[in-house]
Structure formats: C-alpha cells, structure tokens
$ cat my_file_0.pdb   # PDB, C-alpha atoms
ATOM      1  CA  MET A 132    -107.916 177.326-146.609
ATOM      2  CA  ILE A 133    -109.256 175.158-143.804
ATOM      3  CA  GLU A 134    -112.497 176.394-142.256
ATOM      4  CA  ILE A 135    -113.332 175.047-138.801
ATOM      5  CA  PRO A 136    -117.099 174.709-138.256
ATOM      6  CA  THR A 137    -118.289 176.711-135.243
ATOM      7  CA  ASP A 138    -120.282 173.759-133.856
ATOM      8  CA  LEU A 139    -117.316 171.370-133.872
ATOM      9  CA  PRO A 140    -116.421 169.712-130.544
ATOM     10  CA  ALA A 141    -112.963 170.772-129.337
ATOM     11  CA  ASP A 142    -111.669 167.189-129.638
ATOM     12  CA  LEU A 143    -112.252 167.268-133.409
ATOM     13  CA  VAL A 144    -110.415 170.501-134.214
ATOM     14  CA  PRO A 145    -107.115 168.689-135.032
ATOM     15  CA  LEU A 146    -109.057 166.562-137.569
ATOM     16  CA  SER A 147    -111.282 169.349-138.935
ATOM     17  CA  TRP A 148    -109.449 169.552-142.268
ATOM     18  CA  LEU A 149    -110.709 166.052-143.128
ATOM     19  CA  ILE A 150    -114.432 166.865-142.849
ATOM     20  CA  GLY A 151    -116.240 166.552-146.163
ATOM     21  CA  VAL A 152    -116.576 164.206-149.099
ATOM     22  CA  TRP A 153    -113.478 163.512-151.189
ATOM     23  CA  GLU A 154    -113.305 161.858-154.618
ATOM     24  CA  GLY A 155    -110.510 160.970-156.991
ATOM     25  CA  THR A 156    -108.406 158.162-158.342
ATOM     26  CA  GLY A 157    -105.459 156.104-157.246
ATOM     27  CA  VAL A 158    -103.313 153.149-158.157
ATOM     28  CA  ILE A 159    -102.896 149.661-156.750
ATOM     29  CA  ASP A 160     -99.542 147.915-157.116
ATOM     30  CA  TYR A 161     -99.011 144.844-154.925
ATOM     31  CA  GLU A 162     -97.438 141.428-155.414
ATOM     32  CA  ALA A 163     -98.638 138.571-153.233
ATOM     33  CA  ASP A 164     -99.635 134.932-153.369
ATOM     34  CA  GLY A 165     -97.800 134.520-156.682
ATOM     35  CA  ARG A 166     -99.816 137.251-158.395
ATOM     36  CA  THR A 167     -99.409 140.914-159.257
ATOM     37  CA  PHE A 168    -102.344 143.154-158.437
ATOM     38  CA  SER A 169    -102.220 146.484-160.259
ATOM     39  CA  GLY A 170    -104.513 149.043-161.803
ATOM     40  CA  GLU A 171    -106.274 152.342-161.375
ATOM     41  CA  PHE A 172    -109.229 152.772-159.045
ATOM     42  CA  ALA A 173    -111.852 155.407-158.269
ATOM     43  CA  HIS A 174    -112.250 156.314-154.615
ATOM     44  CA  ARG A 175    -114.905 158.166-152.593
ATOM     45  CA  VAL A 176    -114.226 158.969-148.931
ATOM     46  CA  SER A 177    -116.497 160.752-146.462
ATOM     47  CA  PHE A 178    -115.627 162.230-143.069
ATOM     48  CA  SER A 179    -118.565 163.650-141.099
ATOM     49  CA  HIS A 180    -119.547 164.361-137.516
ATOM     50  CA  ASP A 181    -122.832 164.218-135.644
ATOM     51  CA  GLY A 182    -121.904 166.239-132.557
ATOM     52  CA  GLY A 183    -119.862 163.508-130.856
ATOM     53  CA  ASP A 184    -116.128 163.609-130.199
ATOM     54  CA  PHE A 185    -115.352 161.428-133.248
ATOM     55  CA  LEU A 186    -115.544 161.563-137.032
ATOM     56  CA  ASN A 187    -117.722 159.110-138.939
ATOM     57  CA  TYR A 188    -115.824 157.579-141.875
ATOM     58  CA  THR A 189    -116.909 155.684-144.990
ATOM     59  CA  ALA A 190    -114.905 154.776-148.078
ATOM     60  CA  HIS A 191    -115.787 153.000-151.308
ATOM     61  CA  ALA A 192    -113.490 152.059-154.178
ATOM     62  CA  TRP A 193    -113.981 150.692-157.684
ATOM     63  CA  LEU A 194    -111.336 149.169-159.941
ATOM     64  CA  LEU A 195    -111.372 150.992-163.280
ATOM     65  CA  ASP A 196    -111.235 148.733-166.330
ATOM     66  CA  GLY A 197    -112.021 150.800-169.418
ATOM     67  CA  GLU A 198    -115.650 151.861-169.030
ATOM     68  CA  ASP A 199    -116.267 149.228-166.347
ATOM     69  CA  ARG A 200    -116.092 149.852-162.599
ATOM     70  CA  ARG A 201    -115.645 146.719-160.484
ATOM     71  CA  PRO A 202    -116.385 147.196-156.781
ATOM     72  CA  LEU A 203    -113.471 146.803-154.379
ATOM     73  CA  VAL A 204    -113.893 146.467-150.620
ATOM     74  CA  SER A 205    -115.786 149.195-148.740
ATOM     75  CA  GLU A 206    -114.930 150.309-145.225
ATOM     76  CA  THR A 207    -116.603 152.233-142.444
ATOM     77  CA  GLY A 208    -115.449 153.392-139.050
ATOM     78  CA  TYR A 209    -114.615 156.122-136.562
ATOM     79  CA  TRP A 210    -111.667 158.486-136.111
ATOM     80  CA  ARG A 211    -110.961 160.257-132.826
ATOM     81  CA  VAL A 212    -108.269 162.032-130.887
ATOM     82  CA  ALA A 213    -107.245 159.497-128.231
ATOM     83  CA  ARG A 214    -107.922 160.354-124.610
ATOM     84  CA  PRO A 215    -108.725 158.280-121.537
ATOM     85  CA  ALA A 216    -112.421 157.534-121.045
ATOM     86  CA  THR A 217    -114.013 159.057-117.957
ATOM     87  CA  ASP A 218    -117.242 158.516-116.030
ATOM     88  CA  ALA A 219    -118.714 161.305-118.196
ATOM     89  CA  ASP A 220    -118.376 159.110-121.319
ATOM     90  CA  PRO A 221    -121.023 156.507-122.205
ATOM     91  CA  GLY A 222    -120.085 152.859-122.724
ATOM     92  CA  PRO A 223    -119.044 150.242-123.033
ATOM     93  CA  ALA A 224    -121.965 148.973-125.132
ATOM     94  CA  LEU A 225    -125.189 150.808-124.205
ATOM     95  CA  LEU A 226    -124.123 151.772-120.690
ATOM     96  CA  PRO A 227    -124.828 155.454-120.031
ATOM     97  CA  ALA A 228    -122.392 157.953-118.563
ATOM     98  CA  THR A 229    -122.397 158.020-114.759
ATOM     99  CA  ALA A 230    -121.210 161.627-114.357
ATOM    100  CA  GLU A 231    -122.067 164.986-115.870
ATOM    101  CA  ALA A 232    -119.924 165.757-118.917
ATOM    102  CA  PRO A 233    -118.166 169.128-118.694
ATOM    103  CA  ARG A 234    -117.722 170.938-121.997
ATOM    104  CA  ARG A 235    -114.234 170.135-123.295
ATOM    105  CA  THR A 236    -112.128 173.123-124.298
ATOM    106  CA  ALA A 237    -109.180 173.821-126.567
ATOM    107  CA  ASP A 238    -106.977 173.714-123.441
ATOM    108  CA  ASP A 239    -108.233 170.178-122.682
ATOM    109  CA  VAL A 240    -107.282 169.066-126.190
ATOM    110  CA  GLU A 241    -103.938 170.893-126.070
ATOM    111  CA  ALA A 242    -103.064 168.861-122.958
ATOM    112  CA  LEU A 243    -103.161 165.744-125.179
ATOM    113  CA  ARG A 244    -100.394 167.007-127.500
ATOM    114  CA  THR A 245     -97.572 164.463-127.994
ATOM    115  CA  ASP A 246     -93.836 165.065-127.621
ATOM    116  CA  GLU A 247     -93.664 165.168-131.441
ATOM    117  CA  GLY A 248     -96.109 168.092-131.507
ATOM    118  CA  GLY A 249     -99.151 166.183-132.746
ATOM    119  CA  PHE A 250    -102.260 164.684-131.207
ATOM    120  CA  PRO A 251    -102.732 160.928-130.628
ATOM    121  CA  LEU A 252    -105.324 159.189-132.810
ATOM    122  CA  GLU A 253    -107.421 156.052-132.601
ATOM    123  CA  VAL A 254    -109.081 154.829-135.792
ATOM    124  CA  SER A 255    -111.340 151.771-135.893
ATOM    125  CA  LEU A 256    -112.346 150.413-139.307
ATOM    126  CA  ALA A 257    -114.557 147.554-140.453
ATOM    127  CA  HIS A 258    -114.167 146.247-144.014
ATOM    128  CA  ALA A 259    -116.938 144.602-146.001
ATOM    129  CA  ASP A 260    -114.667 141.570-146.560
ATOM    130  CA  GLY A 261    -114.607 140.555-142.876
ATOM    131  CA  ILE A 262    -111.504 142.422-141.681
ATOM    132  CA  LEU A 263    -111.461 144.804-138.716
ATOM    133  CA  GLU A 264    -108.531 147.140-138.019
ATOM    134  CA  LEU A 265    -107.565 149.271-135.034
ATOM    135  CA  TYR A 266    -105.050 151.948-135.995
ATOM    136  CA  LEU A 267    -103.044 154.103-133.604
ATOM    137  CA  GLY A 268    -101.106 157.139-134.712
ATOM    138  CA  GLN A 269    -101.109 160.885-134.648
ATOM    139  CA  VAL A 270    -102.211 163.978-136.516
ATOM    140  CA  ARG A 271     -99.672 166.791-136.894
ATOM    141  CA  GLY A 272    -101.266 169.710-138.713
ATOM    142  CA  PRO A 273    -102.268 168.495-142.188
ATOM    143  CA  ARG A 274    -100.522 165.089-141.859
ATOM    144  CA  ILE A 275    -101.735 161.831-140.332
ATOM    145  CA  ASP A 276     -99.592 158.734-139.693
ATOM    146  CA  LEU A 277    -101.341 155.506-138.659
ATOM    147  CA  ALA A 278    -100.254 151.911-137.994
ATOM    148  CA  THR A 279    -102.387 148.932-137.046
ATOM    149  CA  ASP A 280    -102.343 147.964-133.397
ATOM    150  CA  ALA A 281    -104.720 145.053-134.028
ATOM    151  CA  VAL A 282    -106.243 143.239-137.002
ATOM    152  CA  VAL A 283    -109.140 140.802-136.605
ATOM    153  CA  ARG A 284    -110.355 138.580-139.445
ATOM    154  CA  THR A 285    -113.418 136.403-139.861
ATOM    155  CA  ALA A 286    -112.778 132.719-140.587
ATOM    156  CA  GLY A 287    -113.463 133.275-144.286
ATOM    157  CA  ALA A 288    -111.375 136.431-144.757
ATOM    158  CA  LYS A 289    -108.164 136.414-146.768
ATOM    159  CA  PRO A 290    -104.803 136.501-144.909
ATOM    160  CA  TYR A 291    -104.049 140.048-143.746
ATOM    161  CA  GLY A 292    -101.592 140.854-140.986
ATOM    162  CA  SER A 293    -100.951 144.594-140.584
ATOM    163  CA  ALA A 294    -101.020 147.967-142.307
ATOM    164  CA  THR A 295     -99.899 151.572-142.188
ATOM    165  CA  ARG A 296    -101.655 154.586-143.662
ATOM    166  CA  LEU A 297    -100.432 158.087-144.385
ATOM    167  CA  TYR A 298    -102.778 161.005-145.120
ATOM    168  CA  GLY A 299    -101.864 164.564-146.020
ATOM    169  CA  LEU A 300    -103.482 167.749-147.223
ATOM    170  CA  VAL A 301    -101.425 169.020-150.181
ATOM    171  CA  ASP A 302    -102.625 171.870-152.428
ATOM    172  CA  ASP A 303    -106.204 171.383-151.177
ATOM    173  CA  HIS A 304    -106.126 167.671-152.104
ATOM    174  CA  LEU A 305    -106.255 164.688-149.766
ATOM    175  CA  LEU A 306    -103.309 162.425-150.599
ATOM    176  CA  TRP A 307    -103.006 159.032-148.970
ATOM    177  CA  ALA A 308    -100.833 155.923-149.119
ATOM    178  CA  TRP A 309    -101.685 152.497-147.693
ATOM    179  CA  ASP A 310     -99.054 149.803-147.051
ATOM    180  CA  ILE A 311    -100.210 146.291-146.139
ATOM    181  CA  ALA A 312     -98.902 142.888-145.094
ATOM    182  CA  ALA A 313    -101.133 140.307-146.784
ATOM    183  CA  PHE A 314    -100.858 136.684-147.946
ATOM    184  CA  GLY A 315     -97.792 136.184-145.747
ATOM    185  CA  ARG A 316     -95.813 139.099-147.217
ATOM    186  CA  GLU A 317     -93.942 141.679-145.177
ATOM    187  CA  LEU A 318     -95.397 145.180-144.946
ATOM    188  CA  SER A 319     -95.014 146.859-148.347
ATOM    189  CA  SER A 320     -96.568 149.470-150.619
ATOM    190  CA  HIS A 321    -100.105 148.628-151.734
ATOM    191  CA  ALA A 322    -102.104 151.658-152.917
ATOM    192  CA  SER A 323    -102.155 155.444-153.029
ATOM    193  CA  ALA A 324    -104.596 158.099-154.222
ATOM    194  CA  ARG A 325    -105.196 161.798-154.737
ATOM    195  CA  LEU A 326    -108.672 163.049-153.848
ATOM    196  CA  ALA A 327    -110.403 166.419-154.220
ATOM    197  CA  ARG A 328    -113.105 167.730-151.873
ATOM    198  CA  VAL A 329    -116.485 167.555-153.652
ATOM    199  CA  GLU A 330    -118.783 168.403-150.716
TER
END
$ encode --input "my_file_0.pdb" --output "structure tokens"
Amino acid sequence: MIEIPTDLPADLVPLSWLIGVWEGTGVIDYEADGRTFSGEFAHRVSFSHDGGDFLNYTAHAWLLDGEDRRPLVSETGYWRVARPATDADPGPALLPATAEAPRRTADDVEALRTDEGGFPLEVSLAHADGILELYLGQVRGPRIDLATDAVVRTAGAKPYGSATRLYGLVDDHLLWAWDIAAFGRELSSHASARLARVE
C-alpha cells in the first residue's frame, strides 16, 4: 500500500509512491561498437524530498562478477511534475522569487492532468561519466514513461544519443527498463531491474 506523507507538497503526490530507498539487481544486455555488454548488476536508487516541489534522485550501480562488484556510472538529479514557472518560483540561478508563493493545492495539480490521464514530468539527470539528460514524460498512477528531450555530453564522454525509461510499481517492487542509443546504434534495449524498498 502506498502511504502519502502528510508534509508532502501537492505537486509531489503523483510521485509519492517513489519516495524511499530501493535496492535490487538487474541485467545489462546491449550490443554496440562491435562488442556485447551483458551481465548482472546491483542497483541502489533513492528518491527523497526536502520540502520543495521536486524529488531528489540518486542511483548507483555495480556490475556483479562473482564476489567482485565493479562500479558502473552513478547518476543524480531531480524529478518534478511539469508546470510553468511563475514569479512565485525562484530562479534562474540564485535569483529569488519576486512574488508571494500561494500554497498549491490538489486542485492546482489536478489542472495539470494530461489528456491521457497522467501528469507531465520533467526529469533532469547528471551522470558521473559526463552525460546530462533531460527527460520528458508522464506519470499515470504507478507507471512512469520517460524519453530524452535533450542529451549533453562533455568532450570526453562516450557517444550517447537518446534514451527512454519505464518505471512501474508491481507487487510492491520498483521495476524499470532503460533503452539507449549509444555508439551510433538506434534506440534499443539496454538494462532492466527489479528493486525492493529498503527504507
């Protein structure tokens, strides 16, 4: 059963089922650049909030090789229900809000509902390997569909063009699948995992 914290901002209610720390394992299976990448990995994902209208996100993964755990890329970022910024929102950068922020209500969030019955999402992620992703998508109950709107790479990062991610709450487990377009390949299956809430 999903419990919604009483101190949660209204904008985060559609994402409330994600809050917590999730751990489990998954598999990588991807062919690119003349090589096959496959194996099992351990994964730890955390969704938290600090009172703002967004979720803080961190994820770490380790390739499992017998008793050895080799670090894979880590990522950090922010998840939020998309809505137009107003004068009551701070930013950009360190610029403060220029108007008083009214308390947002469930009715305010409901007004954001899409024609498909979900809520629009914006997810910004930074990877430790020099890749930044902006995902757009939507949350519909216990399912999230995301696709990259933009990918930015540092000069030294490996070729990476786009991605999609699917998340779902199934039997109290967080299941996800991540498709990528890397090393000049078309978008294709890359990794998936099943995680259990540990905190």
$ atom_distance --input "my_file_0.pdb" --atom1 "CA of Ala308 in chain A" --atom2 "CA of Arg296 in chain A"
5.7 Å
$ closest_atom_pairs --input "my_file_0.pdb" --of "range 253-302 of chain A" --to "range 158-169 of chain A" --cutoff "12 Å" --atoms "only C-alpha atoms" --output "tab-separated table"
residue	atom	partner	partner_atom	distance
A:Lys289	CA	A:Asp164	CA	10.9
A:Pro290	CA	A:Asp164	CA	10.0
A:Tyr291	CA	A:Ala163	CA	11.0
$ write_last_selection --input "my_file_0.pdb" --atoms "C-alpha atoms" --output "PDB file, in the coordinates of the input"
ATOM      1  CA  LYS A 289    -108.164 136.414-146.768  1.00  0.00           C
ATOM      2  CA  PRO A 290    -104.803 136.501-144.909  1.00  0.00           C
ATOM      3  CA  TYR A 291    -104.049 140.048-143.746  1.00  0.00           C
TER       4      TYR A 291
END
$ resolve_selection --input "my_file_0.pdb" --expression "the PyMOL selection byres ((chain A and resi 232) around 8)" --output "compact mmCIF listing (two decimals) with C-alpha atoms, keeping the file's coordinate frame"
# COMPACT_ATOMS: atom_id res chain seq x y z
CA ALA A 219 -118.71 161.30 -118.20
CA ASP A 220 -118.38 159.11 -121.32
CA ALA A 230 -121.21 161.63 -114.36
CA GLU A 231 -122.07 164.99 -115.87
CA PRO A 233 -118.17 169.13 -118.69
CA ARG A 234 -117.72 170.94 -122.00
$ resolve_selection --input "my_file_0.pdb" --expression "the PyMOL selection byres ((chain A and resi 248) around 12)" --output "list of chain:residue names"
A:Pro145, A:Glu241, A:Ala242, A:Leu243, A:Arg244, A:Thr245, A:Asp246, A:Glu247, A:Gly249, A:Phe250, A:Pro251, A:Gln269, A:Val270, A:Arg271, A:Gly272, A:Arg274
$ atom_distance --input "my_file_0.pdb" --atom1 "CA of Leu265 in chain A" --atom2 "CA of Val204 in chain A"
17.1 Å
